[in-house]
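Enquirer: What follows is the file final28.txt, containing compact mmCIF, N, CA and C atoms and all ligand atoms:
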```txt
# COMPACT_ATOMS: atom_id res chain seq x y z
N MET N 1 79.90 129.55 146.28
CA MET N 1 79.79 128.08 146.32
C MET N 1 78.40 127.63 145.88
N ALA N 2 77.34 128.31 146.44
CA ALA N 2 75.96 127.93 146.08
C ALA N 2 75.74 128.14 144.59
N ALA N 3 76.24 129.27 144.08
CA ALA N 3 76.05 129.57 142.65
C ALA N 3 76.73 128.49 141.83
N ARG N 4 77.93 128.09 142.27
CA ARG N 4 78.64 127.07 141.51
C ARG N 4 77.87 125.76 141.52
N SER N 5 77.32 125.34 142.68
CA SER N 5 76.61 124.06 142.65
C SER N 5 75.37 124.14 141.79
N HIS N 6 74.75 125.34 141.72
CA HIS N 6 73.61 125.47 140.80
C HIS N 6 74.05 125.29 139.36
N ALA N 7 75.20 125.88 139.04
CA ALA N 7 75.70 125.76 137.67
C ALA N 7 76.00 124.30 137.36
N VAL N 8 76.60 123.60 138.32
CA VAL N 8 76.92 122.19 138.10
C VAL N 8 75.64 121.39 137.94
N LEU N 9 74.64 121.70 138.77
CA LEU N 9 73.37 120.99 138.69
C LEU N 9 72.72 121.23 137.32
N ALA N 10 72.73 122.49 136.87
CA ALA N 10 72.15 122.81 135.57
C ALA N 10 72.86 122.02 134.47
N LEU N 11 74.17 121.94 134.58
CA LEU N 11 74.95 121.20 133.58
C LEU N 11 74.60 119.72 133.61
N LEU N 12 74.45 119.18 134.83
CA LEU N 12 74.10 117.77 134.95
C LEU N 12 72.74 117.52 134.31
N LEU N 13 71.78 118.41 134.58
CA LEU N 13 70.46 118.25 133.99
C LEU N 13 70.55 118.31 132.47
N PHE N 14 71.35 119.26 132.00
CA PHE N 14 71.52 119.41 130.56
C PHE N 14 72.14 118.13 129.97
N LEU N 15 73.18 117.64 130.63
CA LEU N 15 73.85 116.43 130.12
C LEU N 15 72.90 115.24 130.18
N GLY N 16 72.09 115.17 131.24
CA GLY N 16 71.11 114.10 131.37
C GLY N 16 70.16 114.13 130.19
N ALA N 17 69.67 115.32 129.84
CA ALA N 17 68.75 115.47 128.72
C ALA N 17 69.44 115.06 127.42
N THR N 18 70.72 115.42 127.30
CA THR N 18 71.47 115.07 126.10
C THR N 18 71.58 113.56 125.97
N VAL N 19 71.87 112.90 127.12
CA VAL N 19 72.00 111.44 127.10
C VAL N 19 70.68 110.80 126.71
N LEU N 20 69.58 111.31 127.30
CA LEU N 20 68.28 110.71 127.02
C LEU N 20 67.87 110.89 125.57
N SER N 21 68.25 112.00 124.96
CA SER N 21 67.83 112.24 123.59
C SER N 21 68.83 111.67 122.57
N ALA N 22 69.95 111.11 123.09
CA ALA N 22 70.94 110.54 122.17
C ALA N 22 70.42 109.22 121.60
N PRO N 23 70.88 108.84 120.42
CA PRO N 23 70.43 107.58 119.84
C PRO N 23 70.82 106.40 120.72
N PRO N 24 70.04 105.29 120.69
CA PRO N 24 70.34 104.14 121.55
C PRO N 24 71.78 103.65 121.31
N GLY N 25 72.41 103.24 122.39
CA GLY N 25 73.76 102.72 122.23
C GLY N 25 74.82 103.75 122.58
N SER N 26 74.53 105.01 122.35
CA SER N 26 75.58 106.01 122.55
C SER N 26 75.88 106.24 124.03
N ALA N 27 74.93 105.88 124.91
CA ALA N 27 75.20 106.05 126.33
C ALA N 27 76.03 104.89 126.88
N GLN N 28 76.21 103.87 126.08
CA GLN N 28 76.94 102.69 126.56
C GLN N 28 78.41 102.75 126.15
N GLN N 29 79.01 103.92 126.37
CA GLN N 29 80.41 104.06 125.99
C GLN N 29 81.28 103.19 126.89
N ALA N 30 82.01 102.28 126.32
CA ALA N 30 82.87 101.39 127.10
C ALA N 30 84.08 102.16 127.58
N ALA N 31 84.59 101.78 128.78
CA ALA N 31 85.80 102.41 129.27
C ALA N 31 86.91 102.19 128.25
N GLY N 32 87.59 103.25 127.91
CA GLY N 32 88.71 103.11 126.99
C GLY N 32 88.31 103.23 125.54
N ASP N 33 87.03 103.32 125.25
CA ASP N 33 86.60 103.48 123.86
C ASP N 33 86.71 104.96 123.47
N ASN N 34 87.59 105.26 122.56
CA ASN N 34 87.81 106.66 122.20
C ASN N 34 86.89 107.12 121.09
N SER N 35 86.05 106.24 120.58
CA SER N 35 85.38 106.58 119.34
C SER N 35 84.25 107.59 119.50
N LYS N 36 83.66 107.69 120.72
CA LYS N 36 82.52 108.58 120.89
C LYS N 36 82.72 109.48 122.09
N PHE N 37 82.45 110.76 121.90
CA PHE N 37 82.50 111.70 123.01
C PHE N 37 81.22 112.50 123.00
N PHE N 38 80.67 112.74 124.20
CA PHE N 38 79.42 113.47 124.29
C PHE N 38 79.58 114.93 123.95
N ASP N 39 80.68 115.51 124.42
CA ASP N 39 80.78 116.95 124.41
C ASP N 39 82.03 117.40 123.70
N ASP N 40 82.86 118.13 124.42
CA ASP N 40 84.09 118.63 123.82
C ASP N 40 85.05 117.48 123.58
N PRO N 41 85.69 117.45 122.43
CA PRO N 41 86.70 116.40 122.18
C PRO N 41 87.98 116.72 122.94
N PRO N 42 88.77 115.70 123.29
CA PRO N 42 90.00 115.93 124.06
C PRO N 42 91.07 116.63 123.23
N PRO N 43 91.96 117.37 123.90
CA PRO N 43 93.12 117.96 123.22
C PRO N 43 94.15 116.86 123.00
N PRO N 44 95.22 117.13 122.26
CA PRO N 44 96.30 116.12 122.16
C PRO N 44 96.85 115.83 123.56
N LEU N 45 97.08 114.54 123.85
CA LEU N 45 97.57 114.15 125.17
C LEU N 45 98.78 113.23 125.01
N PRO N 46 99.87 113.77 124.48
CA PRO N 46 101.04 112.91 124.23
C PRO N 46 101.67 112.38 125.53
N LYS N 47 102.28 111.20 125.42
CA LYS N 47 102.93 110.52 126.56
C LYS N 47 103.90 111.42 127.32
N GLU N 48 104.70 112.19 126.55
CA GLU N 48 105.73 113.03 127.18
C GLU N 48 105.08 114.07 128.08
N LEU N 49 103.95 114.62 127.62
CA LEU N 49 103.24 115.63 128.42
C LEU N 49 102.71 114.98 129.70
N LEU N 50 102.12 113.80 129.58
CA LEU N 50 101.51 113.14 130.73
C LEU N 50 102.56 112.62 131.73
N ALA N 51 103.82 112.56 131.29
CA ALA N 51 104.89 112.10 132.19
C ALA N 51 105.49 113.26 132.99
N ASP N 52 105.02 114.48 132.76
CA ASP N 52 105.56 115.67 133.41
C ASP N 52 105.32 115.63 134.92
N ALA N 53 106.41 115.68 135.69
CA ALA N 53 106.32 115.52 137.15
C ALA N 53 105.49 116.62 137.80
N LYS N 54 105.60 117.85 137.29
CA LYS N 54 104.83 118.96 137.89
C LYS N 54 103.34 118.77 137.66
N LEU N 55 103.00 118.32 136.46
CA LEU N 55 101.58 118.08 136.15
C LEU N 55 101.04 116.97 137.06
N ILE N 56 101.81 115.90 137.21
CA ILE N 56 101.38 114.78 138.05
C ILE N 56 101.16 115.25 139.49
N ALA N 57 102.07 116.10 139.99
CA ALA N 57 101.95 116.61 141.36
C ALA N 57 100.69 117.47 141.50
N ARG N 58 100.41 118.30 140.51
CA ARG N 58 99.20 119.13 140.54
C ARG N 58 97.93 118.24 140.51
N GLY N 59 97.97 117.22 139.68
CA GLY N 59 96.83 116.30 139.59
C GLY N 59 96.60 115.59 140.92
N ASP N 60 97.68 115.25 141.60
CA ASP N 60 97.62 114.59 142.90
C ASP N 60 96.89 115.51 143.90
N GLU N 61 97.26 116.81 143.91
CA GLU N 61 96.60 117.79 144.79
C GLU N 61 95.10 117.84 144.53
N ILE N 62 94.73 117.95 143.24
CA ILE N 62 93.31 118.07 142.89
C ILE N 62 92.57 116.80 143.29
N TRP N 63 93.19 115.66 143.06
CA TRP N 63 92.56 114.38 143.42
C TRP N 63 92.20 114.38 144.91
N LYS N 64 93.17 114.80 145.76
CA LYS N 64 92.94 114.77 147.20
C LYS N 64 91.91 115.81 147.62
N GLU N 65 91.88 116.94 146.92
CA GLU N 65 91.00 118.05 147.23
C GLU N 65 89.54 117.73 146.86
N GLN N 66 89.31 117.07 145.73
CA GLN N 66 87.97 116.95 145.16
C GLN N 66 87.49 115.52 144.98
N CYS N 67 88.33 114.73 144.36
CA CYS N 67 87.86 113.46 143.83
C CYS N 67 87.62 112.44 144.93
N THR N 68 88.39 112.55 146.04
CA THR N 68 88.27 111.57 147.11
C THR N 68 86.97 111.76 147.91
N HIS N 69 86.20 112.84 147.62
CA HIS N 69 84.86 112.94 148.22
C HIS N 69 83.99 111.77 147.74
N CYS N 70 84.22 111.33 146.53
CA CYS N 70 83.38 110.27 145.96
C CYS N 70 84.15 108.99 145.64
N HIS N 71 85.38 109.12 145.19
CA HIS N 71 86.18 107.95 144.80
C HIS N 71 87.14 107.57 145.91
N GLY N 72 87.48 106.30 145.97
CA GLY N 72 88.55 105.87 146.86
C GLY N 72 88.04 105.37 148.20
N SER N 73 88.97 104.84 148.98
CA SER N 73 88.62 104.13 150.20
C SER N 73 88.05 105.05 151.27
N LYS N 74 88.35 106.38 151.20
CA LYS N 74 87.84 107.28 152.24
C LYS N 74 86.42 107.74 151.95
N ALA N 75 85.99 107.59 150.70
CA ALA N 75 84.64 108.04 150.33
C ALA N 75 83.60 107.05 150.86
N TYR N 76 82.40 107.55 151.00
CA TYR N 76 81.31 106.69 151.40
C TYR N 76 81.20 105.53 150.41
N PRO N 77 81.17 104.28 150.89
CA PRO N 77 81.20 103.14 149.96
C PRO N 77 80.05 103.18 148.95
N GLY N 78 80.38 102.93 147.73
CA GLY N 78 79.35 102.84 146.70
C GLY N 78 79.02 104.15 146.02
N LYS N 79 79.61 105.25 146.49
CA LYS N 79 79.31 106.56 145.91
C LYS N 79 79.82 106.67 144.47
N ALA N 80 81.00 106.14 144.24
CA ALA N 80 81.58 106.19 142.89
C ALA N 80 82.48 104.98 142.72
N PRO N 81 82.64 104.49 141.49
CA PRO N 81 83.45 103.29 141.30
C PRO N 81 84.93 103.55 141.61
N LYS N 82 85.59 102.48 142.03
CA LYS N 82 87.04 102.54 142.19
C LYS N 82 87.63 102.63 140.78
N LEU N 83 88.56 103.53 140.59
CA LEU N 83 89.11 103.71 139.23
C LEU N 83 90.07 102.57 138.90
N THR N 84 90.06 102.19 137.63
CA THR N 84 90.93 101.11 137.14
C THR N 84 91.75 101.65 135.97
N PRO N 85 92.77 102.45 136.28
CA PRO N 85 93.50 103.19 135.24
C PRO N 85 94.12 102.32 134.15
N ARG N 86 94.42 101.08 134.46
CA ARG N 86 95.01 100.22 133.43
C ARG N 86 94.08 100.03 132.23
N ARG N 87 92.79 100.18 132.49
CA ARG N 87 91.82 100.00 131.39
C ARG N 87 91.55 101.30 130.63
N TYR N 88 92.13 102.42 131.08
CA TYR N 88 91.77 103.70 130.49
C TYR N 88 92.80 104.21 129.48
N THR N 89 92.27 104.89 128.46
CA THR N 89 93.14 105.70 127.62
C THR N 89 93.12 107.12 128.21
N PRO N 90 94.15 107.92 127.89
CA PRO N 90 94.14 109.32 128.36
C PRO N 90 92.89 110.06 127.90
N GLN N 91 92.44 109.77 126.68
CA GLN N 91 91.26 110.45 126.12
C GLN N 91 90.00 110.12 126.92
N PHE N 92 89.90 108.88 127.38
CA PHE N 92 88.73 108.47 128.18
C PHE N 92 88.70 109.23 129.50
N VAL N 93 89.83 109.27 130.20
CA VAL N 93 89.88 109.96 131.50
C VAL N 93 89.57 111.45 131.29
N TRP N 94 90.16 112.02 130.27
CA TRP N 94 89.93 113.44 129.98
C TRP N 94 88.43 113.69 129.76
N ASP N 95 87.82 112.84 128.97
CA ASP N 95 86.40 112.99 128.64
C ASP N 95 85.53 112.91 129.90
N ARG N 96 85.77 111.92 130.74
CA ARG N 96 84.97 111.77 131.97
C ARG N 96 85.13 112.98 132.88
N VAL N 97 86.37 113.44 133.03
CA VAL N 97 86.63 114.54 133.95
C VAL N 97 86.13 115.87 133.36
N HIS N 98 86.38 116.12 132.11
CA HIS N 98 85.99 117.39 131.49
C HIS N 98 84.47 117.46 131.29
N ASN N 99 83.92 116.46 130.65
CA ASN N 99 82.50 116.48 130.27
C ASN N 99 81.57 115.89 131.31
N GLY N 100 82.09 115.04 132.22
CA GLY N 100 81.23 114.34 133.16
C GLY N 100 80.49 113.20 132.48
N PHE N 101 79.86 112.35 133.30
CA PHE N 101 79.09 111.23 132.76
C PHE N 101 78.19 110.69 133.85
N ARG N 102 76.86 110.79 133.66
CA ARG N 102 75.89 110.35 134.68
C ARG N 102 76.26 110.92 136.06
N GLY N 103 76.55 110.09 137.07
CA GLY N 103 76.85 110.59 138.42
C GLY N 103 78.19 111.29 138.56
N MET N 104 79.00 111.25 137.53
CA MET N 104 80.31 111.90 137.57
C MET N 104 80.15 113.34 137.08
N PRO N 105 80.41 114.32 137.99
CA PRO N 105 80.19 115.71 137.58
C PRO N 105 81.20 116.18 136.53
N PRO N 106 80.80 117.09 135.64
CA PRO N 106 81.76 117.67 134.71
C PRO N 106 82.60 118.73 135.43
N TRP N 107 83.88 118.80 135.10
CA TRP N 107 84.77 119.75 135.79
C TRP N 107 85.25 120.86 134.88
N LYS N 108 84.72 120.92 133.66
CA LYS N 108 85.22 121.92 132.71
C LYS N 108 84.98 123.36 133.16
N GLU N 109 83.95 123.59 133.98
CA GLU N 109 83.69 124.96 134.45
C GLU N 109 84.50 125.25 135.72
N VAL N 110 85.10 124.21 136.30
CA VAL N 110 85.77 124.36 137.59
C VAL N 110 87.28 124.48 137.40
N TYR N 111 87.83 123.62 136.55
CA TYR N 111 89.28 123.59 136.37
C TYR N 111 89.70 124.05 134.98
N SER N 112 90.90 124.60 134.93
CA SER N 112 91.47 125.04 133.65
C SER N 112 91.82 123.82 132.81
N GLU N 113 92.03 124.08 131.55
CA GLU N 113 92.48 123.05 130.61
C GLU N 113 93.71 122.32 131.16
N GLU N 114 94.68 123.12 131.67
CA GLU N 114 95.91 122.51 132.17
C GLU N 114 95.64 121.65 133.41
N ASP N 115 94.77 122.11 134.29
CA ASP N 115 94.44 121.33 135.48
C ASP N 115 93.81 119.98 135.11
N ILE N 116 92.95 119.99 134.10
CA ILE N 116 92.30 118.73 133.71
C ILE N 116 93.33 117.78 133.11
N ILE N 117 94.27 118.31 132.35
CA ILE N 117 95.36 117.47 131.82
C ILE N 117 96.19 116.94 133.00
N ALA N 118 96.38 117.77 134.04
CA ALA N 118 97.14 117.34 135.22
C ALA N 118 96.43 116.16 135.91
N ILE N 119 95.11 116.22 135.98
CA ILE N 119 94.35 115.12 136.59
C ILE N 119 94.55 113.83 135.78
N VAL N 120 94.49 113.95 134.45
CA VAL N 120 94.70 112.78 133.59
C VAL N 120 96.10 112.21 133.84
N ALA N 121 97.09 113.11 133.88
CA ALA N 121 98.48 112.67 134.08
C ALA N 121 98.61 111.92 135.40
N TYR N 122 97.98 112.45 136.45
CA TYR N 122 98.08 111.80 137.76
C TYR N 122 97.38 110.44 137.78
N VAL N 123 96.15 110.39 137.28
CA VAL N 123 95.38 109.14 137.32
C VAL N 123 96.12 108.03 136.56
N LEU N 124 96.82 108.40 135.49
CA LEU N 124 97.51 107.38 134.69
C LEU N 124 98.96 107.17 135.13
N SER N 125 99.39 107.87 136.17
CA SER N 125 100.78 107.75 136.61
C SER N 125 100.95 106.61 137.62
N ASP N 126 102.20 106.25 137.88
CA ASP N 126 102.50 105.21 138.89
C ASP N 126 102.21 105.70 140.30
N ASP N 127 102.10 107.03 140.48
CA ASP N 127 101.82 107.60 141.80
C ASP N 127 100.37 107.39 142.22
N PHE N 128 99.51 107.11 141.24
CA PHE N 128 98.08 107.07 141.53
C PHE N 128 97.71 105.88 142.41
N TRP N 129 96.91 106.18 143.43
CA TRP N 129 96.42 105.15 144.34
C TRP N 129 94.90 105.29 144.41
N PRO N 130 94.12 104.41 143.77
CA PRO N 130 92.68 104.64 143.65
C PRO N 130 91.91 104.56 144.98
C1 LIG N 201 80.04 113.74 143.26
C2 LIG N 201 80.85 112.52 143.30
C3 LIG N 201 82.06 112.48 142.37
C4 LIG N 201 83.15 113.30 142.38
C5 LIG N 201 83.43 114.49 143.29
C6 LIG N 201 84.05 112.80 141.36
N1 LIG N 201 83.50 111.70 140.75
FE1 LIG N 201 84.33 110.59 139.24
N2 LIG N 201 82.66 109.48 139.11
C7 LIG N 201 81.56 109.57 139.95
C8 LIG N 201 80.58 108.56 139.56
C9 LIG N 201 79.23 108.31 140.23
C10 LIG N 201 81.12 107.87 138.45
C11 LIG N 201 80.48 106.74 137.63
C12 LIG N 201 79.75 107.35 136.45
C13 LIG N 201 79.08 106.27 135.59
O1 LIG N 201 79.80 105.59 134.82
O2 LIG N 201 77.87 106.11 135.74
C14 LIG N 201 82.43 108.48 138.20
C15 LIG N 201 83.28 108.07 137.19
C16 LIG N 201 84.57 108.52 137.01
C17 LIG N 201 85.49 108.02 136.01
C18 LIG N 201 85.21 106.89 135.01
C19 LIG N 201 85.37 105.57 135.73
C20 LIG N 201 85.06 104.36 134.89
O3 LIG N 201 85.78 103.33 135.05
O4 LIG N 201 84.10 104.39 134.10
C21 LIG N 201 86.67 108.70 136.17
C22 LIG N 201 87.96 108.52 135.38
C23 LIG N 201 86.48 109.63 137.27
N3 LIG N 201 85.18 109.49 137.75
C24 LIG N 201 87.44 110.49 137.76
C25 LIG N 201 87.20 111.48 138.71
C26 LIG N 201 88.15 112.50 139.07
C27 LIG N 201 89.56 112.60 138.51
C28 LIG N 201 87.53 113.32 139.97
C29 LIG N 201 88.07 114.60 140.62
C30 LIG N 201 88.30 115.70 139.70
C31 LIG N 201 86.21 112.79 140.20
N4 LIG N 201 86.04 111.67 139.43
C32 LIG N 201 85.28 113.34 141.08
C33 LIG N 201 81.40 110.47 140.99
C34 LIG N 201 82.28 111.48 141.33
```
Have the structure of the file written as structure tokens, please.
Ligand code: HEC

Expert:
Amino acid sequence: MAARSHAVLALLLFLGATVLSAPPGSAQQAAGDNSKFFDDPPPPLPKELLADAKLIARGDEIWKEQCTHCHGSKAYPGKAPKLTPRRYTPQFVWDRVHNGFRGMPPWKEVYSEEDIIAIVAYVLSDDFWP
């Protein structure tokens, strides 16, 4: 666990440095803007895949396990914004979760490709409760 948090911290520092050295404007990525990604680009995220009930269920588990530490009504107020999925594209959610952004940790070293797609599917599903 300690080793993992060090790795996450190192990644955050690295991403912070990347943001600081990026040209002006690039850190102001609007929610839902697919045109710029800091790190790895998203895989194809077709509607049919994101509608998969098993993926949504897996994403729900991960959300309760990890994300509610910072997001949602049970988290300490102000720790992370309440998610507004109606404003998001699948690519935006994937990018935030995989690559991280400022106070949002990157999860690419923690979860598999399929798990991250499962999180996207859940956040954008009707089951999601922010
Ligand atoms: C350590 C606390 C923390 C955890 C754990 C965390 N987040 Fe975040 N998240 C944040 C913060 C802080 C932001 C706001 C980042 C910014 O825009 O400055 C954020 C932003 C986001 C955004 C973009 C929101 C927007 O409207 O711009 C999404 C989507 C997101 N998180 C999803 C998740 C998911 C899914 C998980 C679980 C895998 C998760 N987060 C776990 C802190 C956290």

Enquirer: Show me, as CSV, the residues of chain N having an atom within 6 Å of ligand LIG 201 (chain N), each with the closest atom pair and its distance in Å, using only N, CA and C atoms and all ligand atoms.

Expert:
```
residue,atom,partner,partner_atom,distance
N:Ala31,CA,N:LIG201,O4,5.5
N:Ile62,C,N:LIG201,C29,5.7
N:Trp63,CA,N:LIG201,C29,5.3
N:Gln66,C,N:LIG201,C29,4.5
N:Cys67,CA,N:LIG201,C29,3.4
N:Thr68,N,N:LIG201,C29,5.8
N:His69,C,N:LIG201,C5,5.2
N:Cys70,CA,N:LIG201,C2,4.3
N:His71,N,N:LIG201,N1,5.5
N:Lys79,C,N:LIG201,C9,4.6
N:Ala80,CA,N:LIG201,C9,4.1
N:Pro81,N,N:LIG201,C10,4.8
N:Leu83,CA,N:LIG201,O3,5.4
N:Thr84,N,N:LIG201,O3,5.1
N:Phe92,C,N:LIG201,C22,6.0
N:Val93,CA,N:LIG201,C22,4.6
N:Arg96,CA,N:LIG201,C21,5.5
N:Val97,CA,N:LIG201,C24,5.6
N:Phe101,C,N:LIG201,C12,4.5
N:Arg102,CA,N:LIG201,O2,4.8
N:Gly103,C,N:LIG201,C9,3.6
N:Met104,CA,N:LIG201,C7,3.6
N:Pro105,N,N:LIG201,C34,4.8
N:Ile119,CA,N:LIG201,C27,5.7
```

Enquirer: With a distance cut-off of 7 Å and only N, CA and C atoms, select the neighbouring residues of Asp60 of chain N, excluding the residue or stretch itself and same-chain residues fewer than 3 positions from it, and output the selection as number ranges by chain.

Expert: N: 55-57, 63-65, 118-119, 122-123

Enquirer: Rank N:Gly59, N:Pro106, N:Pro42, N:Gly72 by their smallest atom-to-atom distance to Asp127 of chain N, using only C-alpha atoms, and report the top residue only.

Expert: N:Gly59

Enquirer: May I ask for the distance between atom CA of Glu114 of chain N and atom CA of Phe128 of chain N, given in Å to one decimal place?

Expert: 18.2 Å

Enquirer: Quote the spacing between atom CA of Pro130 of chain N and atom CA of Ser73 of chain N in Å to one decimal place.

Expert: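 So the answer is 7.7 Å.
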
Enquirer: May I ask for the distance between atom N of Trp129 of chain N and atom C of Asp40 of chain N, given in Å to one decimal place?

Expert: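 So the two atoms, atom N of Trp129 of chain N and atom C of Asp40 of chain N, lie 25.7 Å apart.
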